[in-house]
Each structure stands twice: as structure tokens, then as C-alpha cells.
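Taking it in order: structure first as C-alpha cells, then the write-up.
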Amino acid sequence: MAPAVPPAASRIAVVTGASSGIGAATARGLAAAGYRVVLTARRKDRIEALAEELTAAGHEVTAYQLDVTDRAAVDEFATAFRTVGVLVNNAGGALGADPVATGDPADWRTMYETNVIGTLNITQALLPKLEAGGDGAVVVVSSTAGLGTYEGGAGYAAAKHGEHVLAETLRLEIVGRPVRVIEIAPGMVKTDEFALTRFGGDAAKAAKVYEGVAEPLTAEDVADTITWAVTRPSHVNVDLLVLRPRAQASNTKVHRER
């Protein structure tokens, strides 16, 4: 099935958390697919550098500093658009790996705010614009942690379960309207920042996550999947796609070479 060329009315793609990792890779993929990409993230310098890179390559790109947990800022951002073709909810992340008995409530709250409330804010604000374009797509980048759990991961898994339920429920609520709801749930993805952020900058702990795994997923692997999903013909909806490296059979079963 050939990729669909985005029609002029729906060529704008908004990517949250576009300053690094999966978000930045997705922005590159969607730009190459013909979308006018709007990069959003809190780190202005990072998205501006990416915008310069993509503009130099001949793509139409705009950088907009945005914290998706700030509802007033999100609502103001949404006023800039009449229609939007694609919204990629990628902003989020994990903090800590403590058991439930000793987990930091502040970390749990932050994860819920960024992964769930952030996704809710931007989706609510842009849903009318997605529908107005006549062929919209909401992408939720969740995680296999949203489908199962593992020791030390309850806070992150709880947030990602919430994000999964948000996508599943939204799909039920807007069926019959011209907006697809797509959930991409990656397993082990090795990026420059995810594990490092989770462990408070401890490079040794971050490296241990991927120790012995020959080929974890890359940000580009996930971005390629997202781009593929949104460029299917408009009658085709990828409800839920779980993406793992071959070495990972579940959240707790990973083949590690010694």
C-alpha cells in the first residue's frame, strides 16, 4: 500500500516533545513525507536548531516553545491554526525506578502531568482544528508500559496506562468524525536522553538498561512507524501498534548477550 500524500488542507503536523529523541526523529520523518511541521517543546534552542536543519533541507518548519502542561499557553498556541492534519503527542517521559513503597509522589505527579494531562491539553485544544481539516490524525506515543507493568516501573506504567486509556476512549467518542486516533506503543528504545533523565543523569544506571542488548529500537525506528501509520489512506486506522526490538519479548523478558 503506497503512502498517501497529505492533501493541502491537512498538511500541518504538530509534534510535541520535538527537541530530541523520538519527537525530533518524527519531525524529520513527517517533513520528508511532505508535511509542514510545527515543532513544539520547552527547550527553545533545541527546536530552533532542528527547524534550521529541516529548513535548510528544503522543508517547511516552524519552532514554537511550548509546555503542554500549561493549559493557557496551549490554548493560545492553538489559535494560530485554522486546520491541522496531524498531532503527534510525544511529550512525556519517565522519572525514577523506585518500588511503590518508596517511590517519590512528586515524580509520579510530574509523570502524570506530562504524559496524560499534557496529551489531554493539546488534544482538546487542537481537536476542532483536526476535524476542520476533514482528515485529521491524533497520534499518541504511549509505551508497552501502558499495557503491562514491571518492578520499579509503577509510576511510569500508571501514567502510560492513563495515556493508553485516553487514546482508546477518544477513538470511541469521535467515531464517525474525520479524525483517526492512532496509538504507537514502543518497547525498549535507546535514545540519548530517556534513561538518563529517568535516573537523574546517572550515566552508569542509564547504560545498564541497554546492557547486552545488541539492537534496541532507535528513535528513527519509532518515527518511521509513526510516519507510516499517518500516511495510510484515510479510511485505514492503526488503532494500536506495539513496537519492540527482536530481543525483547515482554517488559520483563529481554535477551542480553554476554
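Chain labels follow the order of the C-alpha cells: the first chain is A, the next B, and so on; residue numbering restarts at 1 in every chain, and ligands are counted from 1 in their shown order.
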
Quiz prompt | DSSP-assigned strand (DSSP E or B) members of range 24-223 of chain A, reported as an MDAnalysis selection string | solution = chainID A and resid 36:41 61:65 86:89 136:141 179:186 189 217

Exercise. Please provide as a PyMOL selection string all residues within 6 Å of range 65-77 of chain A, with the sequence filter that same-chain residues fewer than 6 positions apart are discarded (counting only C-alpha atoms).
Key: chain A and resi 40-42+44+118+125

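Minimum atom-to-atom distances from A:Val242, A:Leu166, A:Ala145, A:Ala204 to Ala185 in chain A were compared using only C-alpha atoms, and the lowest value belongs to A:Val242.
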
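Using only C-alpha atoms for every distance, the candidate list A:Met188, A:Ala158, A:Ala207, A:Ile226 yields A:Met188 as the residue closest to Pro245 in chain A.
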
What are the nearest atom pairs, with distances in Å to one decimal, for all residues of range 122-207 of chain A that come at most 7 Å from range 102-117 of chain A, using only C-alpha atoms, set out by chain and rising residue number as JSON lines?
{"residue": "A:Gly155", "atom": "CA", "partner": "A:Trp108", "partner_atom": "CA", "distance": 5.1}
{"residue": "A:Tyr156", "atom": "CA", "partner": "A:Met111", "partner_atom": "CA", "distance": 6.5}
{"residue": "A:Ala159", "atom": "CA", "partner": "A:Tyr112", "partner_atom": "CA", "distance": 4.9}
{"residue": "A:Lys160", "atom": "CA", "partner": "A:Asn115", "partner_atom": "CA", "distance": 6.8}
{"residue": "A:Gly162", "atom": "CA", "partner": "A:Val116", "partner_atom": "CA", "distance": 6.2}
{"residue": "A:Glu163", "atom": "CA", "partner": "A:Val116", "partner_atom": "CA", "distance": 5.2}

Write out, as a PDB file, in the first residue's frame, the residues just selected, with N, CA and C atoms.
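As written to disk, part-v5.pdb reads:
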ATOM      1  N   GLY A 155       5.052   4.015  38.663  1.00  0.00           N
ATOM      2  CA  GLY A 155       4.688   5.401  38.398  1.00  0.00           C
ATOM      3  C   GLY A 155       4.594   5.687  36.912  1.00  0.00           C
ATOM      4  N   TYR A 156       5.587   5.238  36.171  1.00  0.00           N
ATOM      5  CA  TYR A 156       5.598   5.438  34.721  1.00  0.00           C
ATOM      6  C   TYR A 156       4.496   4.619  34.065  1.00  0.00           C
ATOM      7  N   ALA A 159       1.108   6.226  34.497  1.00  0.00           N
ATOM      8  CA  ALA A 159       0.919   7.355  33.586  1.00  0.00           C
ATOM      9  C   ALA A 159       0.652   6.873  32.170  1.00  0.00           C
ATOM     10  N   LYS A 160       1.419   5.883  31.724  1.00  0.00           N
ATOM     11  CA  LYS A 160       1.243   5.393  30.358  1.00  0.00           C
ATOM     12  C   LYS A 160      -0.055   4.595  30.206  1.00  0.00           C
ATOM     13  N   GLY A 162      -2.730   5.508  31.711  1.00  0.00           N
ATOM     14  CA  GLY A 162      -3.670   6.613  31.566  1.00  0.00           C
ATOM     15  C   GLY A 162      -3.681   7.146  30.148  1.00  0.00           C
ATOM     16  N   GLU A 163      -2.520   7.269  29.549  1.00  0.00           N
ATOM     17  CA  GLU A 163      -2.423   7.766  28.176  1.00  0.00           C
ATOM     18  C   GLU A 163      -3.052   6.781  27.193  1.00  0.00           C
TER      19      GLU A 163
END

Cut-off 8 Å: closest range 27-141 of chain A/range 230-240 of chain A atom pairs per residue, using only C-alpha atoms, as JSON lines:
{"residue": "A:Val86", "atom": "CA", "partner": "A:Val230", "partner_atom": "CA", "distance": 7.7}
{"residue": "A:Asp135", "atom": "CA", "partner": "A:Ser234", "partner_atom": "CA", "distance": 6.7}
{"residue": "A:Ala137", "atom": "CA", "partner": "A:Val230", "partner_atom": "CA", "distance": 6.7}

Quiz prompt | Pick from A:Gly21, A:Pro216, A:Gly152, A:Gly29, whichever lies nearest to Val100 in chain A using only C-alpha atoms | solution = A:Gly152

Practice problem: Return as a ChimeraX atom specification the full set of residues in range 23-125 of chain A whose backbone-based DSSP assignment is alpha helix (DSSP H). | Solution: /A:23-32,44-56,71-78,105-112,118-125

If you keep C-alpha atoms, can you produce a file of those selected residues as an mmCIF file, in the first residue's frame?
data_model
loop_
_atom_site.group_PDB
_atom_site.id
_atom_site.type_symbol
_atom_site.label_atom_id
_atom_site.label_comp_id
_atom_site.auth_asym_id
_atom_site.auth_seq_id
_atom_site.Cartn_x
_atom_site.Cartn_y
_atom_site.Cartn_z
ATOM 1 C CA GLY A 23 9.972 13.658 18.685
ATOM 2 C CA ALA A 24 12.872 15.075 16.661
ATOM 3 C CA ALA A 25 13.082 11.923 14.521
ATOM 4 C CA THR A 26 9.322 12.044 13.889
ATOM 5 C CA ALA A 27 9.559 15.675 12.810
ATOM 6 C CA ARG A 28 12.215 14.698 10.272
ATOM 7 C CA GLY A 29 10.088 11.803 9.020
ATOM 8 C CA LEU A 30 6.916 13.860 8.623
ATOM 9 C CA ALA A 31 8.798 16.698 6.924
ATOM 10 C CA ALA A 32 10.216 14.213 4.414
ATOM 11 C CA LYS A 44 13.572 26.615 22.544
ATOM 12 C CA ASP A 45 17.196 26.373 21.436
ATOM 13 C CA ARG A 46 16.838 22.690 20.505
ATOM 14 C CA ILE A 47 13.725 23.059 18.371
ATOM 15 C CA GLU A 48 15.076 26.184 16.685
ATOM 16 C CA ALA A 49 18.235 24.287 15.720
ATOM 17 C CA LEU A 50 16.128 21.444 14.325
ATOM 18 C CA ALA A 51 13.948 23.923 12.437
ATOM 19 C CA GLU A 52 17.060 25.424 10.853
ATOM 20 C CA GLU A 53 18.294 21.959 9.863
ATOM 21 C CA LEU A 54 14.996 20.993 8.222
ATOM 22 C CA THR A 55 14.506 24.364 6.555
ATOM 23 C CA ALA A 56 17.985 24.110 5.036
ATOM 24 C CA ARG A 71 -3.156 24.929 29.512
ATOM 25 C CA ALA A 72 -3.282 28.687 28.919
ATOM 26 C CA ALA A 73 -0.181 28.502 26.728
ATOM 27 C CA VAL A 74 -1.594 25.516 24.833
ATOM 28 C CA ASP A 75 -4.880 27.308 24.169
ATOM 29 C CA GLU A 76 -3.018 30.369 22.899
ATOM 30 C CA PHE A 77 -0.874 28.160 20.642
ATOM 31 C CA ALA A 78 -3.993 26.563 19.126
ATOM 32 C CA PRO A 105 4.995 11.181 44.833
ATOM 33 C CA ALA A 106 6.411 14.298 43.157
ATOM 34 C CA ASP A 107 7.886 12.148 40.384
ATOM 35 C CA TRP A 108 4.583 10.306 39.959
ATOM 36 C CA ARG A 109 2.719 13.608 39.752
ATOM 37 C CA THR A 110 5.147 15.028 37.183
ATOM 38 C CA MET A 111 4.888 11.905 35.019
ATOM 39 C CA TYR A 112 1.093 12.023 35.114
ATOM 40 C CA GLY A 118 -0.192 17.278 28.584
ATOM 41 C CA THR A 119 -1.670 14.928 25.989
ATOM 42 C CA LEU A 120 -5.176 15.884 27.105
ATOM 43 C CA ASN A 121 -4.443 19.626 26.895
ATOM 44 C CA ILE A 122 -3.034 19.702 23.373
ATOM 45 C CA THR A 123 -5.530 17.151 22.042
ATOM 46 C CA GLN A 124 -8.507 19.100 23.366
ATOM 47 C CA ALA A 125 -7.114 22.363 22.000
#

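If only C-alpha atoms are the atoms counted, then among A:Ser250, A:Thr169, A:Ser142, A:Thr149 the closest residue to Val222 in chain A is A:Ser142.
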
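Within 10 Å of Ala214 in chain A, once only C-alpha atoms are used and residues closer than 6 positions along the same chain are dropped, the contacting residues are Pro245, Arg246, Ala247, His255, Arg256 and Glu257 of chain A.
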
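Between CA of Ile22 in chain A and CA of Pro99 in chain A there is a distance of 27.0 Å.
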
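Nearest to Asp192 in chain A of all the residues A:Ala229, A:Arg36, A:Ser19, A:Lys129 is A:Ser19, based on only C-alpha atoms.
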
Exercise. May I have the residues within 12 Å of Ile174 in chain A as a PyMOL selection string, using only C-alpha atoms and disregarding those fewer than 3 positions away in the same chain?
Key: chain A and resi 127-128+130-131+136-138+167-171+177-181

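Atom pair CA of Glu183 in chain A / CA of Leu217 in chain A has a distance of 17.1 Å (rounded to one decimal).
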
Practice problem: Quote the spacing between CA of Ser143 in chain A and CA of Ala91 in chain A in Å to one decimal place. | Solution: 12.2 Å

Quiz prompt | Spatial neighbours of Val38 in chain A, 6 Å, only C-alpha atoms, chain gap at least 5 places, as a PyMOL selection string | solution = chain A and resi 14+61-63
